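Have a look at data-v8.tsv; it's TSV, C-alpha atoms:
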chain	number	residue	atom	x	y	z
A	24	MET	CA	22.19	-15.19	8.31
A	25	THR	CA	24.43	-16.61	11.04
A	26	GLY	CA	24.29	-13.30	12.85
A	27	GLN	CA	20.53	-13.17	12.33
A	28	VAL	CA	20.04	-16.56	14.00
A	29	PHE	CA	21.61	-15.32	17.24
A	30	ASN	CA	20.19	-11.81	17.01
A	31	LEU	CA	16.61	-12.87	16.37
A	32	MET	CA	16.75	-15.64	18.94
A	33	GLY	CA	17.64	-13.05	21.58
A	34	ASP	CA	15.13	-10.57	20.19
A	35	TRP	CA	12.23	-13.03	20.54
A	36	MET	CA	13.37	-13.89	24.04
A	37	GLN	CA	13.36	-10.21	24.98
A	38	GLN	CA	9.97	-9.57	23.39
A	39	THR	CA	8.45	-12.46	25.33
A	40	ALA	CA	10.10	-11.42	28.61
A	41	GLN	CA	9.17	-7.74	28.14
A	42	ALA	CA	5.52	-8.57	27.45
A	43	TRP	CA	5.36	-10.76	30.56
A	44	LEU	CA	7.18	-8.11	32.62
A	45	VAL	CA	4.61	-5.47	31.64
A	46	TRP	CA	1.76	-7.83	32.45
A	47	GLU	CA	3.27	-8.66	35.85
A	48	LEU	CA	3.80	-4.98	36.67
A	49	SER	CA	0.31	-3.83	35.61
A	50	ARG	CA	-2.14	-6.70	35.08
A	51	LYS	CA	-3.78	-4.44	32.47
A	52	ALA	CA	-4.21	-5.07	28.73
A	53	THR	CA	-4.02	-1.29	28.32
A	54	ALA	CA	-0.42	-1.35	29.58
A	55	LEU	CA	0.40	-4.03	26.99
A	56	GLY	CA	-1.12	-1.73	24.36
A	57	ILE	CA	0.94	1.23	25.57
A	58	VAL	CA	4.28	-0.60	25.47
A	59	ALA	CA	3.41	-1.94	21.99
A	60	PHE	CA	2.45	1.61	20.95
A	61	LEU	CA	5.78	3.02	22.14
A	62	SER	CA	7.73	0.21	20.46
A	63	GLN	CA	6.03	0.76	17.10
A	64	ILE	CA	5.38	4.50	16.88
A	65	PRO	CA	9.01	5.22	15.79
A	66	TYR	CA	8.19	3.49	12.47
A	67	PHE	CA	5.68	6.28	11.86
A	68	LEU	CA	7.57	9.20	13.43
A	69	PHE	CA	10.82	8.49	11.61
A	70	GLY	CA	9.33	6.94	8.49
A	71	PRO	CA	10.21	9.88	6.21
A	72	TRP	CA	13.89	9.62	7.17
A	73	VAL	CA	14.86	6.00	7.81
A	74	GLY	CA	14.62	5.00	4.15
A	75	VAL	CA	16.48	8.08	2.95
A	76	PHE	CA	19.10	7.43	5.62
A	77	SER	CA	19.55	3.86	4.43
A	78	ASP	CA	19.77	4.97	0.80
A	79	LYS	CA	22.24	7.76	1.54
A	80	PHE	CA	24.70	6.10	3.94
A	81	ASP	CA	26.51	2.79	4.26
A	82	ARG	CA	23.89	0.28	5.41
A	83	ARG	CA	26.49	-1.94	7.04
A	84	LYS	CA	27.57	0.91	9.34
A	85	ILE	CA	23.93	1.72	10.12
A	86	LEU	CA	23.37	-1.90	11.18
A	87	LEU	CA	26.46	-1.86	13.41
A	88	ILE	CA	25.40	1.37	15.17
A	89	THR	CA	21.79	0.30	15.72
A	90	GLN	CA	22.91	-3.10	17.04
A	91	TRP	CA	25.24	-1.51	19.59
A	92	ILE	CA	22.39	0.68	20.78
A	93	SER	CA	20.03	-2.29	21.04
A	94	MET	CA	22.57	-4.25	23.05
A	95	ALA	CA	23.04	-1.34	25.49
A	96	LEU	CA	19.26	-1.04	26.01
A	97	ALA	CA	18.93	-4.79	26.70
A	98	ILE	CA	21.71	-4.63	29.29
A	99	ILE	CA	20.14	-1.59	30.99
A	100	LEU	CA	16.79	-3.37	31.33
A	101	ALA	CA	18.52	-6.51	32.64
A	102	LEU	CA	20.33	-4.43	35.28
A	103	LEU	CA	17.10	-2.70	36.35
A	104	ILE	CA	15.38	-6.07	36.81
A	105	GLN	CA	18.42	-7.60	38.53
A	106	THR	CA	18.59	-4.74	41.06
A	107	ASP	CA	14.81	-4.67	41.53
A	108	ARG	CA	14.55	-1.09	40.27
A	109	VAL	CA	12.44	-1.71	37.20
A	110	THR	CA	9.20	0.27	36.88
A	111	LEU	CA	6.50	0.43	34.23
A	112	SER	CA	7.71	3.90	33.24
A	113	SER	CA	11.29	2.70	32.71
A	114	VAL	CA	10.04	-0.14	30.51
A	115	TYR	CA	8.04	2.40	28.45
A	116	VAL	CA	11.09	4.64	27.96
A	117	LEU	CA	13.39	1.76	26.98
A	118	ALA	CA	10.75	0.30	24.65
A	119	PHE	CA	10.49	3.64	22.83
A	120	ALA	CA	14.28	3.95	22.55
A	121	LEU	CA	14.55	0.39	21.22
A	122	GLY	CA	11.75	1.16	18.76
A	123	ILE	CA	13.78	4.04	17.31
A	124	ALA	CA	16.87	1.86	16.87
A	125	THR	CA	14.78	-0.94	15.36
A	126	ALA	CA	13.07	1.40	12.86
A	127	PHE	CA	16.44	2.36	11.38
A	128	ASN	CA	17.81	-1.17	11.70
A	129	VAL	CA	14.99	-3.04	9.95
A	130	THR	CA	14.90	-0.85	6.84
A	131	ALA	CA	18.68	-0.91	6.44
A	132	GLU	CA	18.72	-4.66	7.08
A	133	GLN	CA	16.11	-5.47	4.41
A	134	ALA	CA	17.84	-3.30	1.80
A	135	PHE	CA	21.27	-4.66	2.84
A	136	ILE	CA	20.13	-8.26	2.38
A	137	GLY	CA	18.58	-7.37	-0.99
A	138	GLY	CA	21.84	-5.72	-2.06
A	139	ILE	CA	23.91	-8.78	-1.15
A	140	ALA	CA	21.53	-11.16	-2.91
A	141	GLY	CA	21.12	-9.18	-6.13
A	142	LEU	CA	17.91	-8.34	-8.01
A	143	GLY	CA	17.24	-11.88	-9.26
A	144	ASN	CA	17.43	-13.39	-5.76
A	145	ILE	CA	15.65	-10.78	-3.65
A	146	LYS	CA	12.52	-12.84	-2.97
A	147	LYS	CA	14.65	-15.86	-2.07
A	148	ALA	CA	16.79	-13.76	0.27
A	149	VAL	CA	13.75	-12.21	1.94
A	150	ALA	CA	12.20	-15.66	2.32
A	151	LEU	CA	15.45	-17.00	3.83
A	152	ASN	CA	15.63	-14.10	6.26
A	153	ASN	CA	11.99	-14.59	7.25
A	154	THR	CA	12.63	-18.33	7.66
A	155	VAL	CA	15.38	-17.55	10.16
A	156	ASN	CA	13.03	-15.08	11.84
A	157	GLN	CA	10.28	-17.65	12.26
A	158	LEU	CA	12.65	-20.46	13.25
A	159	THR	CA	13.98	-18.32	16.08
A	160	ARG	CA	10.43	-17.26	16.87
A	161	LEU	CA	9.66	-20.93	17.40
A	162	VAL	CA	12.54	-21.49	19.81
A	163	GLY	CA	13.19	-18.09	21.43
A	164	PRO	CA	9.84	-17.59	23.23
A	165	ALA	CA	9.85	-21.18	24.49
A	166	ILE	CA	13.32	-20.68	26.02
A	167	ALA	CA	12.26	-17.33	27.48
A	168	GLY	CA	9.12	-18.84	29.01
A	169	TRP	CA	11.15	-21.64	30.60
A	170	LEU	CA	13.79	-19.19	31.91
A	171	ILE	CA	11.18	-16.86	33.40
A	172	ALA	CA	9.39	-19.74	35.11
A	173	VAL	CA	12.61	-21.25	36.49
A	174	VAL	CA	15.09	-18.43	37.18
A	175	GLY	CA	13.26	-15.15	36.52
A	176	LEU	CA	13.11	-12.37	33.93
A	177	ALA	CA	16.63	-10.90	33.92
A	178	PRO	CA	18.46	-13.80	32.15
A	179	ALA	CA	16.32	-13.36	29.03
A	180	PHE	CA	17.60	-9.78	28.65
A	181	TRP	CA	21.21	-10.74	29.43
A	182	LEU	CA	21.10	-13.44	26.78
A	183	ASN	CA	19.65	-10.99	24.27
A	184	GLY	CA	22.59	-8.65	24.91
A	185	LEU	CA	24.98	-11.53	24.24
A	186	SER	CA	23.16	-12.54	21.05
A	187	ILE	CA	23.35	-8.99	19.71
A	188	PHE	CA	27.11	-8.94	20.35
A	189	ILE	CA	27.48	-12.09	18.21
A	190	SER	CA	25.38	-10.43	15.49
A	191	ILE	CA	27.62	-7.35	15.59
A	192	PHE	CA	30.68	-9.56	15.09
A	193	CYS	CA	29.07	-11.25	12.06
A	194	ILE	CA	28.12	-7.92	10.45
A	195	PHE	CA	31.63	-6.61	11.11
A	196	MET	CA	33.09	-9.57	9.21
A	197	ILE	CA	31.05	-8.81	6.08
A	198	HIS	CA	32.92	-6.70	3.53
A	199	THR	CA	30.83	-5.21	0.74
A	200	SER	CA	30.90	-2.10	-1.38
A	201	PRO	CA	28.39	0.33	0.14
A	202	GLU	CA	25.35	1.18	-2.00
A	203	ILE	CA	25.09	4.91	-1.41
A	204	ASN	CA	22.57	7.14	-3.10
A	205	LYS	CA	24.21	10.33	-4.38
A	206	SER	CA	20.93	12.17	-5.01
A	207	LYS	CA	20.74	15.64	-3.56
A	208	GLY	CA	18.10	17.19	-1.36
A	209	ASP	CA	17.05	16.90	2.24
A	210	GLY	CA	15.49	13.81	3.78
A	211	LEU	CA	11.91	14.99	3.46
A	212	LYS	CA	12.36	15.89	-0.22
A	213	GLN	CA	13.81	12.47	-1.00
A	214	PHE	CA	11.03	10.80	0.99
A	215	VAL	CA	8.45	12.69	-1.12
A	216	GLU	CA	10.22	11.37	-4.23
A	217	GLY	CA	9.62	7.85	-2.96
A	218	ILE	CA	5.97	8.64	-2.17
A	219	LYS	CA	5.43	9.96	-5.71
A	220	TYR	CA	6.79	6.73	-7.14
A	221	LEU	CA	4.53	4.75	-4.83
A	222	ILE	CA	1.46	6.74	-5.93
A	223	GLN	CA	2.20	5.87	-9.56
A	224	GLN	CA	2.38	2.13	-8.86
A	225	LYS	CA	-1.10	0.61	-8.37
A	226	LEU	CA	0.21	-2.84	-7.57
A	227	LEU	CA	2.54	-1.51	-4.87
A	228	ARG	CA	-0.34	0.40	-3.28
A	229	LEU	CA	-2.55	-2.69	-3.23
A	230	ILE	CA	0.22	-4.81	-1.71
A	231	ILE	CA	0.64	-2.24	1.06
A	232	PHE	CA	-3.12	-2.20	1.72
A	233	PHE	CA	-3.13	-5.97	2.26
A	234	GLY	CA	-0.07	-5.75	4.49
A	235	ALA	CA	-1.66	-2.93	6.49
A	236	ILE	CA	-4.81	-4.99	7.13
A	237	GLN	CA	-2.72	-7.92	8.33
A	238	ALA	CA	-0.59	-5.72	10.58
A	239	PHE	CA	-3.36	-3.52	11.97
A	240	PHE	CA	-5.87	-6.22	12.84
A	241	GLY	CA	-3.77	-9.40	12.96
A	242	MET	CA	-0.50	-8.38	14.58
A	243	SER	CA	-2.28	-6.30	17.21
A	244	ILE	CA	-3.88	-9.51	18.49
A	245	VAL	CA	-0.42	-10.83	19.38
A	246	GLN	CA	0.04	-8.13	22.03
A	247	LEU	CA	-2.91	-9.59	23.96
A	248	LEU	CA	-1.30	-13.02	24.32
A	249	PRO	CA	0.16	-12.33	27.81
A	250	ALA	CA	-3.30	-11.37	29.08
A	251	PHE	CA	-4.88	-14.28	27.18
A	252	SER	CA	-2.35	-16.73	28.69
A	253	SER	CA	-3.03	-15.54	32.21
A	254	VAL	CA	-6.74	-14.65	32.25
A	255	VAL	CA	-8.27	-17.05	29.73
A	256	LEU	CA	-5.92	-20.05	29.86
A	257	LYS	CA	-5.01	-19.60	33.56
A	258	GLY	CA	-1.35	-20.12	32.67
A	259	ASN	CA	2.02	-18.47	33.26
A	260	ALA	CA	5.05	-17.26	31.27
A	261	ARG	CA	5.63	-20.79	30.00
A	262	THR	CA	2.10	-20.76	28.53
A	263	LEU	CA	2.88	-17.48	26.78
A	264	GLY	CA	6.08	-18.99	25.37
A	265	GLN	CA	4.09	-21.94	24.02
A	266	LEU	CA	1.64	-19.64	22.23
A	267	TYR	CA	4.47	-17.60	20.73
A	268	GLY	CA	6.24	-20.81	19.76
A	269	ALA	CA	3.13	-22.19	18.05
A	270	ALA	CA	2.84	-18.97	16.07
A	271	GLY	CA	6.51	-19.22	15.11
A	272	ALA	CA	6.08	-22.83	14.02
A	273	GLY	CA	3.15	-21.87	11.81
A	274	ALA	CA	5.06	-19.01	10.24
A	275	LEU	CA	8.07	-21.27	9.64
A	276	ILE	CA	5.96	-23.91	7.91
A	277	GLY	CA	4.26	-21.17	5.91
A	278	ILE	CA	7.55	-19.80	4.59
A	279	VAL	CA	9.44	-23.06	4.07
A	280	ILE	CA	6.69	-25.36	2.76
A	281	VAL	CA	3.66	-23.31	1.65
A	282	LEU	CA	5.31	-20.16	0.26
A	283	PRO	CA	7.14	-21.86	-2.68
A	284	PHE	CA	3.77	-23.08	-3.98
A	285	VAL	CA	2.08	-19.72	-3.41
A	286	GLN	CA	4.87	-17.90	-5.28
A	287	LYS	CA	3.93	-19.87	-8.42
A	288	ILE	CA	0.50	-18.21	-8.46
A	289	LYS	CA	0.58	-15.53	-11.14
A	290	ARG	CA	-2.19	-13.49	-9.51
A	291	SER	CA	0.02	-12.42	-6.62
A	292	CYS	CA	-2.49	-9.98	-5.13
A	293	LEU	CA	-5.12	-12.70	-4.88
A	294	ALA	CA	-2.58	-14.96	-3.17
A	295	ILE	CA	-1.72	-12.26	-0.62
A	296	GLY	CA	-5.36	-11.34	-0.07
A	297	GLY	CA	-6.32	-14.98	0.34
A	298	ALA	CA	-3.64	-15.38	3.01
A	299	VAL	CA	-5.07	-12.40	4.93
A	300	ILE	CA	-8.56	-13.97	4.85
A	301	TRP	CA	-7.08	-17.31	5.98
A	302	SER	CA	-5.49	-15.62	9.02
A	303	GLY	CA	-8.71	-13.78	9.84
A	304	CYS	CA	-10.68	-17.03	9.93
A	305	TRP	CA	-8.30	-18.59	12.44
A	306	TYR	CA	-8.25	-15.46	14.61
A	307	ILE	CA	-12.05	-15.71	14.81
A	308	LEU	CA	-11.77	-19.33	15.97
A	309	PHE	CA	-9.02	-18.28	18.39
A	310	SER	CA	-11.42	-15.81	20.02
A	311	PHE	CA	-13.55	-18.76	21.19
A	312	CYS	CA	-10.63	-20.82	22.58
A	313	SER	CA	-10.42	-21.78	26.24
A	314	SER	CA	-7.89	-24.62	26.04
A	315	LEU	CA	-4.15	-24.39	25.35
A	316	PRO	CA	-3.95	-27.07	22.59
A	317	LEU	CA	-6.71	-25.43	20.55
A	318	ALA	CA	-5.27	-21.96	21.12
A	319	MET	CA	-1.84	-23.15	19.94
A	320	SER	CA	-3.41	-24.71	16.85
A	321	CYS	CA	-5.17	-21.45	15.97
A	322	GLN	CA	-1.97	-19.44	16.46
A	323	PHE	CA	-0.13	-21.93	14.26
A	324	MET	CA	-2.64	-21.66	11.40
A	325	ALA	CA	-3.12	-17.88	11.63
A	326	SER	CA	0.64	-17.24	11.58
A	327	LEU	CA	1.03	-19.54	8.60
A	328	GLY	CA	-1.08	-17.10	6.58
A	329	ALA	CA	0.46	-13.98	8.14
A	330	SER	CA	3.99	-15.08	7.20
A	331	ILE	CA	2.96	-15.49	3.56
A	332	VAL	CA	1.38	-12.01	3.51
A	333	LEU	CA	4.43	-10.22	4.88
A	334	THR	CA	7.07	-12.27	3.02
A	335	LEU	CA	5.39	-11.91	-0.38
A	336	SER	CA	4.68	-8.23	0.24
A	337	LEU	CA	8.27	-7.36	1.20
A	338	GLY	CA	9.73	-9.37	-1.67
A	339	LEU	CA	7.43	-7.87	-4.30
A	340	ALA	CA	7.91	-4.35	-2.93
A	341	GLN	CA	11.67	-4.67	-3.51
A	342	GLU	CA	11.33	-6.27	-6.94
A	343	LEU	CA	8.95	-3.56	-8.12
A	344	THR	CA	11.26	-0.73	-7.03
A	345	PRO	CA	14.39	0.74	-8.68
A	346	VAL	CA	17.58	0.24	-6.66
A	347	HIS	CA	18.01	3.94	-5.85
A	348	LEU	CA	14.50	4.09	-4.35
A	349	ARG	CA	14.39	0.68	-2.70
A	350	ALA	CA	15.13	1.66	0.92
A	351	ARG	CA	12.72	4.59	0.69
A	352	ILE	CA	9.90	2.38	-0.56
A	353	LEU	CA	10.72	-0.16	2.16
A	354	SER	CA	10.65	2.56	4.82
A	355	THR	CA	7.30	3.79	3.46
A	356	PHE	CA	6.07	0.19	3.55
A	357	MET	CA	7.21	-0.12	7.17
A	358	MET	CA	5.84	3.31	8.04
A	359	ILE	CA	2.36	2.53	6.72
A	360	ILE	CA	2.12	-1.07	7.90
A	361	PHE	CA	3.90	-0.87	11.24
A	362	GLY	CA	3.20	2.82	11.76
A	363	LEU	CA	-0.51	2.02	11.92
A	364	GLN	CA	0.13	-0.57	14.60
A	365	PRO	CA	0.65	1.89	17.48
A	366	LEU	CA	-2.91	3.12	17.02
A	367	ALA	CA	-4.14	-0.47	16.75
A	368	SER	CA	-2.18	-1.43	19.87
A	369	TRP	CA	-3.72	1.34	21.93
A	370	VAL	CA	-7.24	0.70	20.64
A	371	VAL	CA	-6.95	-3.07	21.14
A	372	GLY	CA	-5.52	-2.72	24.64
A	373	VAL	CA	-8.21	-0.31	25.83
A	374	SER	CA	-10.97	-2.29	24.10
A	375	ALA	CA	-9.81	-5.56	25.67
A	376	ASP	CA	-10.05	-4.05	29.17
A	377	LYS	CA	-13.49	-2.64	28.40
A	378	PHE	CA	-15.18	-5.28	26.23
A	379	GLY	CA	-13.11	-8.40	26.86
A	380	ILE	CA	-10.27	-10.18	25.08
A	381	HIS	CA	-12.54	-12.60	23.21
A	382	THR	CA	-14.66	-9.79	21.73
A	383	VAL	CA	-11.69	-7.80	20.44
A	384	MET	CA	-10.17	-10.85	18.75
A	385	LEU	CA	-13.50	-11.74	17.13
A	386	VAL	CA	-13.95	-8.20	15.76
A	387	ASN	CA	-10.38	-8.01	14.44
A	388	GLY	CA	-10.61	-11.36	12.65
A	389	SER	CA	-13.95	-10.42	11.10
A	390	LEU	CA	-12.63	-7.08	9.83
A	391	MET	CA	-9.63	-8.80	8.23
A	392	ILE	CA	-12.01	-10.94	6.17
A	393	ILE	CA	-14.47	-8.16	5.31
A	394	LEU	CA	-11.94	-5.48	4.27
A	395	THR	CA	-9.80	-7.88	2.24
A	396	SER	CA	-12.86	-9.28	0.46
A	397	ILE	CA	-13.89	-5.74	-0.53
A	398	LEU	CA	-10.43	-5.06	-2.01
A	399	LEU	CA	-10.42	-8.35	-3.91
A	400	THR	CA	-13.71	-7.47	-5.63
A	401	LEU	CA	-12.31	-4.29	-7.18
A	402	PRO	CA	-12.67	-4.52	-10.99
A	403	SER	CA	-9.26	-2.92	-11.54
A	404	LEU	CA	-7.50	-5.70	-9.63
A	405	ILE	CA	-7.51	-8.27	-12.44
A	406	LYS	CA	-6.07	-5.69	-14.87
A	407	LEU	CA	-2.89	-5.16	-12.88
A	408	LYS	CA	0.42	-6.61	-14.00
A	409	ILE	CA	3.64	-7.09	-12.08
A	410	GLU	CA	6.17	-4.44	-12.99
A	411	ILE	CA	9.78	-5.45	-12.29
A	412	ALA	CA	12.20	-2.57	-11.86
A	413	GLU	CA	15.45	-2.74	-13.81
A	414	PRO	CA	18.68	-2.78	-11.76
A	415	ALA	CA	19.61	0.69	-12.96
A	416	GLY	CA	16.29	2.05	-11.87
A	417	GLY	CA	15.29	3.03	-15.38
A	418	LYS	CA	12.32	1.76	-17.35
A	419	HIS	CA	10.04	-1.02	-16.21
A	420	GLN	CA	9.04	-4.23	-17.86
A	421	PHE	CA	5.61	-5.85	-17.77
A	422	LEU	CA	6.52	-9.48	-17.25
A	423	ILE	CA	3.81	-11.45	-15.47
A	424	PRO	CA	0.13	-10.73	-16.16
A	425	LEU	CA	-2.12	-11.15	-13.16
A	426	LYS	CA	-5.15	-12.19	-15.19

Now, as a test, write the supplied structure out as structure tokens.
Amino acid sequence: MTGQVFNLMGDWMQQTAQAWLVWELSRKATALGIVAFLSQIPYFLFGPWVGVFSDKFDRRKILLITQWISMALAIILALLIQTDRVTLSSVYVLAFALGIATAFNVTAEQAFIGGIAGLGNIKKAVALNNTVNQLTRLVGPAIAGWLIAVVGLAPAFWLNGLSIFISIFCIFMIHTSPEINKSKGDGLKQFVEGIKYLIQQKLLRLIIFFGAIQAFFGMSIVQLLPAFSSVVLKGNARTLGQLYGAAGAGALIGIVIVLPFVQKIKRSCLAIGGAVIWSGCWYILFSFCSSLPLAMSCQFMASLGASIVLTLSLGLAQELTPVHLRARILSTFMMIIFGLQPLASWVVGVSADKFGIHTVMLVNGSLMIILTSILLTLPSLIKLKIEIAEPAGGKHQFLIPLK
């Protein structure tokens, strides 16, 4: 967690600086959609392998390798900006490369944290990790916005490189017995094994559907914030940092204060679905904003719901999965949820240039409410029960009825 604080702080700084860099170079929402597409498409392209990779090899070593790669990419981008050689194409290439490293890193990281915590503490560990994520999301973008406004873009990338180095040191100091899956077969065959398990689990499928709606329609709105800050709010990089910070504050409050109460709700799917609808309502209001205070309030409230959706979904997905399949199910989760985002990013970017930022946000928020409401009315929903996988990955127990 100490390493995560520094790593995620730098990561949020880089994300904010990169988004503003793309906007400055292009002044097109389509370009924001393209860089988001390239950052996220690796989740889909490498989805069948990242989970198998994390199940088959030492996750600690995977984290070390991916972190070194991420640090090198941050330094390269900082040098390009510092020497005034950065182009839109170079940002695209580096964003894609970082997306590949991140796809392998995130899956290994989630499974690694779950392995350290143990089966009984997975949801707490995921919530703690997400708390750190949102706390740094609150501070990182604000620092990046201030740095960009005062001294320029390059320092944000240099600081991210330094933060990753600190994270590498922390991971290096952790000594655990590697959880390695000895199952035979190539990556695709093992991935199919995970898919078959997923098909058999109705609750897992429903959780992924809710997460996909939140990611596809909700998270794609975030990529428009640089354009929204500049065109609608008539602001600068500091304005963008404030919007990101408000979203981070909402997510932090959602995880730390609201989530413990939500986790007591036995009908977990209704809790997750309700959080998606909550976010959709605030995104609709956000589409009508023209002042910074109101826009920050909407981002705060929408992210509060989004954090609950993703934290509950990731925690339940791990609890419902046998240990030997956990990374594969997580990679499938990431592949479906974040793998859909590249398409959403491209569609949202093009649509914003053609129909306007307000219209796209209004449509996305409305679809979040409509699609989730349809899923929640399914008669089979109230019959589902939470199945908790045993540590050995054997039989399953029906512990908590949803009705």

- [ ] Tell me, in Å to one decimal, how far atom CA of Val281 of chain A is from atom CA of Ala131 of chain A.
- [x]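 Taking atom CA of Val281 of chain A as the start and atom CA of Ala131 of chain A as the end point, the length is 27.4 Å.
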
Task: Nearest residue to Ala294 of chain A from the set A:Ser113, A:Thr395, A:Ser320, A:Ser252 (distances using only C-alpha atoms) - done: A:Thr395

TODO: Counting all atoms listed in the file, figure out which residue out of A:Trp35, A:Phe240, A:Phe60, A:Phe119 gets nearest to Ile300 of chain A.
DONE: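 Closest candidate: A:Phe240.
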
Task: Nearest to Leu315 of chain A, chosen from A:Leu353, A:Leu248, A:Ala274, A:Ile85, with all atoms listed in the file counted in the distances - done: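 Nearest to Leu315 of chain A: A:Leu248.
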
Open item on the list: One number please: atom CA of Phe127 of chain A to atom CA of Leu61 of chain A, in Å, one decimal.
Closed with: 15.2 Å

Task: Best match for closeness to Leu185 of chain A among A:Val383, A:Met32, A:Gln364, A:Leu401, counting all atoms listed in the file - done: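 Ranking A:Val383, A:Met32, A:Gln364, A:Leu401 by distance to Leu185 of chain A, first place goes to A:Met32.
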
TODO: Enumerate, as number ranges by chain, the protein, DNA and RNA residues whose atoms approach (13.6, -18.0, 21.4) to within 8 Å, taking into account only C-alpha atoms and the coordinate frame of the file.
DONE: A: 31-36, 159-167

Could you please give me, as a PDB file with C-alpha atoms, in the coordinates of the input, the residues of protein, DNA or RNA lying at most 9 Å from (-5.0, -8.8, 37.1) in the coordinate frame of the file, considering only C-alpha atoms?
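Now in point_31.pdb:
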ATOM      1  CA  TRP A  46       1.760  -7.830  32.450  1.00  0.00           C
ATOM      2  CA  GLU A  47       3.270  -8.660  35.850  1.00  0.00           C
ATOM      3  CA  SER A  49       0.310  -3.830  35.610  1.00  0.00           C
ATOM      4  CA  ARG A  50      -2.140  -6.700  35.080  1.00  0.00           C
ATOM      5  CA  LYS A  51      -3.780  -4.440  32.470  1.00  0.00           C
ATOM      6  CA  ALA A 250      -3.300 -11.370  29.080  1.00  0.00           C
ATOM      7  CA  SER A 253      -3.030 -15.540  32.210  1.00  0.00           C
ATOM      8  CA  VAL A 254      -6.740 -14.650  32.250  1.00  0.00           C
TER       9      VAL A 254
END

For Tyr66 of chain A, find every residue with an atom within 10 Å (counting all atoms listed in the file), except residues of its own chain fewer than 5 positions away, and show them as a short mmCIF file (atom, residue, chain, number, x, y, z; two decimals) with C-alpha atoms, in the frame of the given file.
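For reference, result-v4.cif as written:
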data_model
loop_
_atom_site.label_atom_id
_atom_site.label_comp_id
_atom_site.auth_asym_id
_atom_site.auth_seq_id
_atom_site.Cartn_x
_atom_site.Cartn_y
_atom_site.Cartn_z
CA LEU A 61 5.78 3.02 22.14
CA PRO A 71 10.21 9.88 6.21
CA TRP A 72 13.89 9.62 7.17
CA VAL A 73 14.86 6.00 7.81
CA GLY A 122 11.75 1.16 18.76
CA ILE A 123 13.78 4.04 17.31
CA ALA A 124 16.87 1.86 16.87
CA THR A 125 14.78 -0.94 15.36
CA ALA A 126 13.07 1.40 12.86
CA PHE A 127 16.44 2.36 11.38
CA VAL A 129 14.99 -3.04 9.95
CA THR A 130 14.90 -0.85 6.84
CA SER A 354 10.65 2.56 4.82
CA THR A 355 7.30 3.79 3.46
CA PHE A 356 6.07 0.19 3.55
CA MET A 357 7.21 -0.12 7.17
CA MET A 358 5.84 3.31 8.04
CA ILE A 359 2.36 2.53 6.72
CA ILE A 360 2.12 -1.07 7.90
CA PHE A 361 3.90 -0.87 11.24
CA GLY A 362 3.20 2.82 11.76
CA LEU A 363 -0.51 2.02 11.92
CA GLN A 364 0.13 -0.57 14.60
CA PRO A 365 0.65 1.89 17.48
#

Task: Pick from A:Ile231, A:Ala118, A:Leu86, A:Ile236 nearest to Ala367 of chain A, counting all atoms listed in the file - done: A:Ile236

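Straight-line separation from atom CA of Cys321 of chain A to atom CA of Thr154 of chain A: 19.9 Å.
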
Any chance you could turn segment 83-93 of chain A into a file with N, CA and C atoms, as a CSV table (one decimal), in the first residue's frame?
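Final output, decode-v5.csv:
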chain,number,residue,atom,x,y,z
A,83,ARG,N,4.6,-11.2,-8.2
A,83,ARG,CA,5.6,-10.2,-7.8
A,83,ARG,C,6.6,-9.8,-8.9
A,84,LYS,N,7.1,-10.8,-9.6
A,84,LYS,CA,8.0,-10.5,-10.7
A,84,LYS,C,7.3,-9.8,-11.8
A,85,ILE,N,6.1,-10.2,-12.1
A,85,ILE,CA,5.3,-9.5,-13.1
A,85,ILE,C,5.2,-8.1,-12.8
A,86,LEU,N,4.8,-7.8,-11.6
A,86,LEU,CA,4.7,-6.4,-11.1
A,86,LEU,C,6.0,-5.6,-11.3
A,87,LEU,N,7.1,-6.2,-10.9
A,87,LEU,CA,8.4,-5.5,-11.0
A,87,LEU,C,8.7,-5.2,-12.5
A,88,ILE,N,8.5,-6.1,-13.4
A,88,ILE,CA,8.8,-5.9,-14.8
A,88,ILE,C,7.9,-4.8,-15.4
A,89,THR,N,6.6,-4.9,-15.1
A,89,THR,CA,5.7,-3.9,-15.7
A,89,THR,C,5.9,-2.5,-15.2
A,90,GLN,N,6.3,-2.5,-13.9
A,90,GLN,CA,6.6,-1.2,-13.3
A,90,GLN,C,7.9,-0.5,-13.9
A,91,TRP,N,8.9,-1.3,-14.2
A,91,TRP,CA,10.1,-0.8,-14.9
A,91,TRP,C,9.7,-0.3,-16.3
A,92,ILE,N,8.9,-1.0,-17.0
A,92,ILE,CA,8.5,-0.6,-18.3
A,92,ILE,C,7.7,0.7,-18.2
A,93,SER,N,6.8,0.8,-17.3
A,93,SER,CA,6.0,2.1,-17.1
A,93,SER,C,6.9,3.3,-16.8
